[in-house]
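**Student:** query38.csv is the file, holding CSV, C-alpha atoms:
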chain,number,residue,atom,x,y,z
A,1,MET,CA,-15.6,-12.9,1.0
A,2,LYS,CA,-17.7,-11.5,-1.8
A,3,THR,CA,-17.2,-12.9,-5.4
A,4,SER,CA,-15.7,-9.5,-6.5
A,5,GLU,CA,-13.2,-9.6,-3.7
A,6,LYS,CA,-12.3,-13.2,-4.6
A,7,ILE,CA,-11.8,-12.1,-8.2
A,8,GLY,CA,-9.7,-9.2,-7.0
A,9,VAL,CA,-7.5,-11.5,-4.8
A,10,ALA,CA,-7.1,-13.9,-7.7
A,11,LEU,CA,-6.1,-11.1,-10.1
A,12,SER,CA,-3.6,-9.8,-7.6
A,13,MET,CA,-2.2,-13.2,-7.2
A,14,ALA,CA,-2.0,-13.6,-10.9
A,15,THR,CA,-0.1,-10.3,-11.1
A,16,LEU,CA,2.2,-11.4,-8.4
A,17,LEU,CA,2.8,-14.8,-9.8
A,18,SER,CA,3.2,-13.6,-13.4
A,19,PHE,CA,5.6,-10.9,-12.1
A,20,ALA,CA,7.4,-13.6,-10.1
A,21,ALA,CA,7.8,-15.7,-13.3
A,22,MET,CA,9.1,-12.7,-15.2
A,23,ALA,CA,11.5,-11.8,-12.5
A,24,GLY,CA,12.7,-15.4,-11.8
A,25,ASP,CA,11.1,-16.2,-8.4
A,26,PRO,CA,9.0,-14.5,-5.7
A,27,PRO,CA,12.0,-13.3,-3.6
A,28,LYS,CA,12.9,-10.9,-6.4
A,29,MET,CA,9.6,-9.0,-5.8
A,30,ASP,CA,10.9,-8.4,-2.3
A,31,THR,CA,13.2,-5.6,-3.5
A,32,ASN,CA,14.4,-4.7,0.0
A,33,GLY,CA,15.1,-8.3,1.0
A,34,ASP,CA,13.1,-8.3,4.2
A,35,GLY,CA,11.1,-11.4,3.4
A,36,MET,CA,7.8,-9.6,2.9
A,37,ILE,CA,6.1,-7.9,0.0
A,38,SER,CA,5.2,-4.3,1.0
A,39,ALA,CA,2.4,-2.3,-0.5
A,40,SER,CA,4.9,-0.3,-2.5
A,41,GLU,CA,6.6,-3.4,-3.8
A,42,HIS,CA,3.2,-4.8,-4.8
A,43,ALA,CA,2.3,-1.6,-6.5
A,44,ALA,CA,5.6,-1.5,-8.4
A,45,ALA,CA,5.0,-5.1,-9.6
A,46,SER,CA,1.5,-4.3,-10.6
A,47,GLN,CA,2.7,-1.3,-12.6
A,48,LYS,CA,5.5,-3.2,-14.2
A,49,MET,CA,3.0,-5.9,-15.3
A,50,PHE,CA,0.6,-3.2,-16.6
A,51,ASP,CA,3.3,-1.5,-18.6
A,52,ALA,CA,4.3,-4.8,-20.1
A,53,MET,CA,0.7,-5.4,-21.2
A,54,ASP,CA,0.2,-1.9,-22.6
A,55,ALA,CA,1.6,-2.7,-26.0
A,56,ASN,CA,0.6,0.5,-27.7
A,57,LYS,CA,1.7,2.6,-24.7
A,58,ASP,CA,-1.6,4.6,-24.6
A,59,GLY,CA,-2.0,4.2,-20.8
A,60,ASN,CA,-4.8,1.7,-21.2
A,61,VAL,CA,-4.8,-2.1,-21.5
A,62,SER,CA,-7.4,-3.7,-23.7
A,63,ALA,CA,-8.5,-7.3,-23.5
A,64,ALA,CA,-6.7,-7.9,-26.8
A,65,GLU,CA,-3.4,-6.5,-25.3
A,66,MET,CA,-3.9,-8.6,-22.2
A,67,ASP,CA,-4.7,-11.7,-24.3
A,68,ALA,CA,-1.5,-11.2,-26.4
A,69,HIS,CA,0.6,-10.7,-23.3
A,70,HIS,CA,-0.8,-13.8,-21.6
A,71,GLN,CA,-0.4,-15.9,-24.7
A,72,ALA,CA,3.3,-15.0,-24.8
A,73,ARG,CA,3.6,-15.8,-21.1
A,74,MET,CA,1.8,-19.1,-21.6
A,75,SER,CA,4.0,-20.1,-24.5
A,76,GLU,CA,7.0,-19.6,-22.2
A,77,GLY,CA,5.2,-21.6,-19.4
A,78,LYS,CA,5.1,-18.6,-17.1
A,79,THR,CA,1.4,-18.2,-16.5
A,80,THR,CA,-1.5,-20.5,-16.0
A,81,MET,CA,-4.4,-18.1,-15.2
A,82,SER,CA,-7.6,-19.3,-16.8
A,83,MET,CA,-9.8,-16.2,-16.2
A,84,SER,CA,-10.6,-14.4,-19.4
A,85,SER,CA,-8.9,-11.0,-20.0
A,86,ALA,CA,-12.3,-9.4,-20.3
A,87,ASP,CA,-13.3,-10.6,-16.8
A,88,LYS,CA,-9.9,-9.5,-15.4
A,89,ILE,CA,-10.5,-6.0,-16.8
A,90,LYS,CA,-14.1,-5.9,-15.7
A,91,SER,CA,-13.1,-6.5,-12.1
A,92,LYS,CA,-11.1,-3.3,-12.0
A,93,ASP,CA,-12.8,-1.2,-14.8
A,94,THR,CA,-14.6,1.4,-12.7
A,95,ASN,CA,-15.7,3.6,-15.6
A,96,GLY,CA,-17.1,0.7,-17.6
A,97,ASP,CA,-15.2,1.4,-20.9
A,98,GLY,CA,-13.9,-2.1,-21.2
A,99,MET,CA,-10.3,-1.0,-20.8
A,100,LEU,CA,-8.0,-0.9,-17.8
A,101,SER,CA,-6.4,2.5,-17.2
A,102,ALA,CA,-3.2,2.9,-15.2
A,103,ALA,CA,-5.2,4.6,-12.5
A,104,GLU,CA,-7.8,1.8,-12.4
A,105,ASN,CA,-5.0,-0.8,-12.2
A,106,ALA,CA,-3.3,1.0,-9.4
A,107,ALA,CA,-6.5,1.4,-7.4
A,108,GLY,CA,-7.5,-2.2,-8.0
A,109,ALA,CA,-4.0,-3.4,-7.0
A,110,GLN,CA,-4.3,-1.5,-3.7
A,111,ARG,CA,-7.7,-3.1,-3.0
A,112,ASN,CA,-6.3,-6.5,-3.8
A,113,PHE,CA,-3.3,-6.0,-1.6
A,114,ASP,CA,-5.5,-4.9,1.2
A,115,ALA,CA,-7.7,-8.1,0.7
A,116,MET,CA,-4.6,-10.3,0.8
A,117,ASP,CA,-3.0,-8.5,3.8
A,118,THR,CA,-5.1,-10.5,6.3
A,119,ASN,CA,-3.2,-9.4,9.4
A,120,HIS,CA,-3.3,-5.7,8.2
A,121,ASP,CA,0.4,-5.1,8.8
A,122,GLY,CA,1.0,-3.5,5.5
A,123,ASN,CA,3.0,-6.4,4.1
A,124,LEU,CA,2.3,-9.7,2.5
A,125,SER,CA,4.0,-12.6,4.2
A,126,THR,CA,4.8,-15.9,2.6
A,127,SER,CA,1.7,-17.4,4.2
A,128,GLU,CA,-0.5,-14.6,3.0
A,129,VAL,CA,0.8,-15.0,-0.6
A,130,LYS,CA,0.3,-18.8,-0.3
A,131,ALA,CA,-3.2,-18.3,1.0
A,132,GLY,CA,-4.0,-16.0,-1.9
A,133,HIS,CA,-2.5,-18.4,-4.4
A,134,ASP,CA,-4.5,-21.3,-2.8
A,135,ALA,CA,-7.7,-19.2,-3.1
A,136,MET,CA,-7.0,-18.4,-6.7
A,137,VAL,CA,-6.3,-22.1,-7.5
A,138,SER,CA,-9.5,-23.2,-5.8
A,139,LYS,CA,-11.6,-20.5,-7.6
A,140,ASP,CA,-10.2,-21.7,-11.0
A,141,LYS,CA,-11.4,-25.3,-10.4
Now, as a test, write the supplied structure out as structure tokens.
**Tutor:**
Amino acid sequence: MKTSEKIGVALSMATLLSFAAMAGDPPKMDTNGDGMISASEHAAASQKMFDAMDANKDGNVSAAEMDAHHQARMSEGKTTMSMSSADKIKSKDTNGDGMLSAAENAAGAQRNFDAMDTNHDGNLSTSEVKAGHDAMVSKDK
């Protein structure tokens, strides 16, 4: 797996794990209760996280907005991601403006979902989520 793909998987896992912390626990991401996270559930979680970070509601997330959001989450003990906000944005910022637009976030979330969906069934199983988490943790070390 290329470094950019590893970063993408790590970011997607960070999104999933941060959303899980906000929502209470991972099963709450599984909105239809089938034991899997579908592409649409993943996209909704990613959009919810994006909206929470977009403090000025301009449709873009800056590194400063992301930093502020992550600081608040860390103070609550709800996130532990160590990658810088600038690096997180850079991995999805296709136009190079240093900001993450809603469209870039959605496209990046889809790429990340596809990378984690190792059996290509359109859903993330518990084992695929765990493997993505383990890859993120090993990358952060």
**Student:** At a cut-off of 8 Å, using only C-alpha atoms, what residues contact stretch 38-43 of chain A? Leave out same-chain residues fewer than 2 positions from it and give the result as JSON, numbers by chain.
**Tutor:** {"A": [16, 29, 30, 31, 36, 45, 46, 47, 106, 109, 110, 113, 122, 123, 124]}
**Student:** Which one of A:Ile37, A:Ala44, A:Val61, A:Ala135 sits closest to A:Ile89 if you count all atoms listed in the file?
**Tutor:**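 Ranking A:Ile37, A:Ala44, A:Val61, A:Ala135 by distance to A:Ile89, first place goes to A:Val61.
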**Student:** For A:Ala86, which residue out of A:Ala131, A:Ala68, A:Met99, A:Ala52 is the nearest one, using all atoms listed in the file?
**Tutor:** A:Met99
**Student:** With only C-alpha atoms as the counted atoms, please give the residues lying no more than 12 Å from A:Asn56, apart from itself and same-chain residues fewer than 6 positions off, as an MDAnalysis selection string.
**Tutor:** chainID A and resid 50 62 64:66 68
**Student:** Take the selection from the previous step and output its residues with C-alpha atoms, as a short mmCIF file (atom, residue, chain, number, x, y, z; two decimals), in the frame of the given file.
**Tutor:**
data_model
loop_
_atom_site.label_atom_id
_atom_site.label_comp_id
_atom_site.auth_asym_id
_atom_site.auth_seq_id
_atom_site.Cartn_x
_atom_site.Cartn_y
_atom_site.Cartn_z
CA PHE A 50 0.60 -3.20 -16.60
CA SER A 62 -7.40 -3.70 -23.70
CA ALA A 64 -6.70 -7.90 -26.80
CA GLU A 65 -3.40 -6.50 -25.30
CA MET A 66 -3.90 -8.60 -22.20
CA ALA A 68 -1.50 -11.20 -26.40
#
**Student:** Could you tell me how far atom CA of A:Gly132 sits from atom CA of A:Glu104, in Å to one decimal place?
**Tutor:**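 For atom CA of A:Glu104 relative to atom CA of A:Gly132, the distance reads 21.0 Å.
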**Student:** At what distance in Å, to one decimal, does atom CA of A:Gly35 lie from atom CA of A:Thr126?
**Tutor:**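 Pair atom CA of A:Thr126 / atom CA of A:Gly35 returns 7.8 Å.
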**Student:** Could you please determine the separation between atom CA of A:Asn105 and atom CA of A:Arg73 in Å, to one decimal place?
**Tutor:** 19.4 Å
**Student:** With the input short on atoms, add N, CA, C and O atoms back to stretch 85-99 of chain A and write it as a PDB file, in the frame of the given file.
**Tutor:**
ATOM      1  N   SER A  85      -9.449 -12.394 -20.127  1.00  0.00           N
ATOM      2  CA  SER A  85      -8.900 -11.000 -20.000  1.00  0.00           C
ATOM      3  C   SER A  85     -10.075 -10.044 -19.788  1.00  0.00           C
ATOM      4  O   SER A  85      -9.944  -9.100 -19.000  1.00  0.00           O
ATOM      5  N   ALA A  86     -11.187 -10.257 -20.465  1.00  0.00           N
ATOM      6  CA  ALA A  86     -12.300  -9.400 -20.300  1.00  0.00           C
ATOM      7  C   ALA A  86     -12.824  -9.385 -18.848  1.00  0.00           C
ATOM      8  O   ALA A  86     -13.141  -8.327 -18.281  1.00  0.00           O
ATOM      9  N   ASP A  87     -12.854 -10.555 -18.216  1.00  0.00           N
ATOM     10  CA  ASP A  87     -13.300 -10.600 -16.800  1.00  0.00           C
ATOM     11  C   ASP A  87     -12.243  -9.985 -15.886  1.00  0.00           C
ATOM     12  O   ASP A  87     -12.606  -9.344 -14.895  1.00  0.00           O
ATOM     13  N   LYS A  88     -10.960 -10.152 -16.201  1.00  0.00           N
ATOM     14  CA  LYS A  88      -9.900  -9.500 -15.400  1.00  0.00           C
ATOM     15  C   LYS A  88     -10.077  -8.002 -15.440  1.00  0.00           C
ATOM     16  O   LYS A  88     -10.006  -7.336 -14.414  1.00  0.00           O
ATOM     17  N   ILE A  89     -10.291  -7.491 -16.635  1.00  0.00           N
ATOM     18  CA  ILE A  89     -10.500  -6.000 -16.800  1.00  0.00           C
ATOM     19  C   ILE A  89     -11.725  -5.574 -16.092  1.00  0.00           C
ATOM     20  O   ILE A  89     -11.720  -4.574 -15.371  1.00  0.00           O
ATOM     21  N   LYS A  90     -12.805  -6.312 -16.275  1.00  0.00           N
ATOM     22  CA  LYS A  90     -14.100  -5.900 -15.700  1.00  0.00           C
ATOM     23  C   LYS A  90     -14.006  -5.778 -14.173  1.00  0.00           C
ATOM     24  O   LYS A  90     -14.655  -4.904 -13.594  1.00  0.00           O
ATOM     25  N   SER A  91     -13.173  -6.580 -13.535  1.00  0.00           N
ATOM     26  CA  SER A  91     -13.100  -6.500 -12.100  1.00  0.00           C
ATOM     27  C   SER A  91     -12.453  -5.220 -11.567  1.00  0.00           C
ATOM     28  O   SER A  91     -12.627  -4.870 -10.402  1.00  0.00           O
ATOM     29  N   LYS A  92     -11.728  -4.501 -12.414  1.00  0.00           N
ATOM     30  CA  LYS A  92     -11.100  -3.300 -12.000  1.00  0.00           C
ATOM     31  C   LYS A  92     -11.560  -2.039 -12.802  1.00  0.00           C
ATOM     32  O   LYS A  92     -11.200  -0.916 -12.472  1.00  0.00           O
ATOM     33  N   ASP A  93     -12.341  -2.262 -13.845  1.00  0.00           N
ATOM     34  CA  ASP A  93     -12.800  -1.200 -14.800  1.00  0.00           C
ATOM     35  C   ASP A  93     -13.897  -0.384 -14.163  1.00  0.00           C
ATOM     36  O   ASP A  93     -15.067  -0.661 -14.377  1.00  0.00           O
ATOM     37  N   THR A  94     -13.546   0.642 -13.415  1.00  0.00           N
ATOM     38  CA  THR A  94     -14.600   1.400 -12.700  1.00  0.00           C
ATOM     39  C   THR A  94     -15.392   2.326 -13.563  1.00  0.00           C
ATOM     40  O   THR A  94     -16.508   2.672 -13.195  1.00  0.00           O
ATOM     41  N   ASN A  95     -14.882   2.717 -14.739  1.00  0.00           N
ATOM     42  CA  ASN A  95     -15.700   3.600 -15.600  1.00  0.00           C
ATOM     43  C   ASN A  95     -16.442   2.827 -16.679  1.00  0.00           C
ATOM     44  O   ASN A  95     -17.154   3.429 -17.469  1.00  0.00           O
ATOM     45  N   GLY A  96     -16.285   1.499 -16.721  1.00  0.00           N
ATOM     46  CA  GLY A  96     -17.100   0.700 -17.600  1.00  0.00           C
ATOM     47  C   GLY A  96     -16.750   0.793 -19.091  1.00  0.00           C
ATOM     48  O   GLY A  96     -17.562   0.416 -19.942  1.00  0.00           O
ATOM     49  N   ASP A  97     -15.555   1.270 -19.442  1.00  0.00           N
ATOM     50  CA  ASP A  97     -15.200   1.400 -20.900  1.00  0.00           C
ATOM     51  C   ASP A  97     -14.606   0.197 -21.492  1.00  0.00           C
ATOM     52  O   ASP A  97     -14.251   0.202 -22.663  1.00  0.00           O
ATOM     53  N   GLY A  98     -14.466  -0.868 -20.712  1.00  0.00           N
ATOM     54  CA  GLY A  98     -13.900  -2.100 -21.200  1.00  0.00           C
ATOM     55  C   GLY A  98     -12.405  -2.132 -21.347  1.00  0.00           C
ATOM     56  O   GLY A  98     -11.827  -3.069 -21.887  1.00  0.00           O
ATOM     57  N   MET A  99     -11.776  -1.095 -20.829  1.00  0.00           N
ATOM     58  CA  MET A  99     -10.300  -1.000 -20.800  1.00  0.00           C
ATOM     59  C   MET A  99      -9.860  -0.769 -19.398  1.00  0.00           C
ATOM     60  O   MET A  99     -10.608  -0.258 -18.573  1.00  0.00           O
TER      61      MET A  99
END
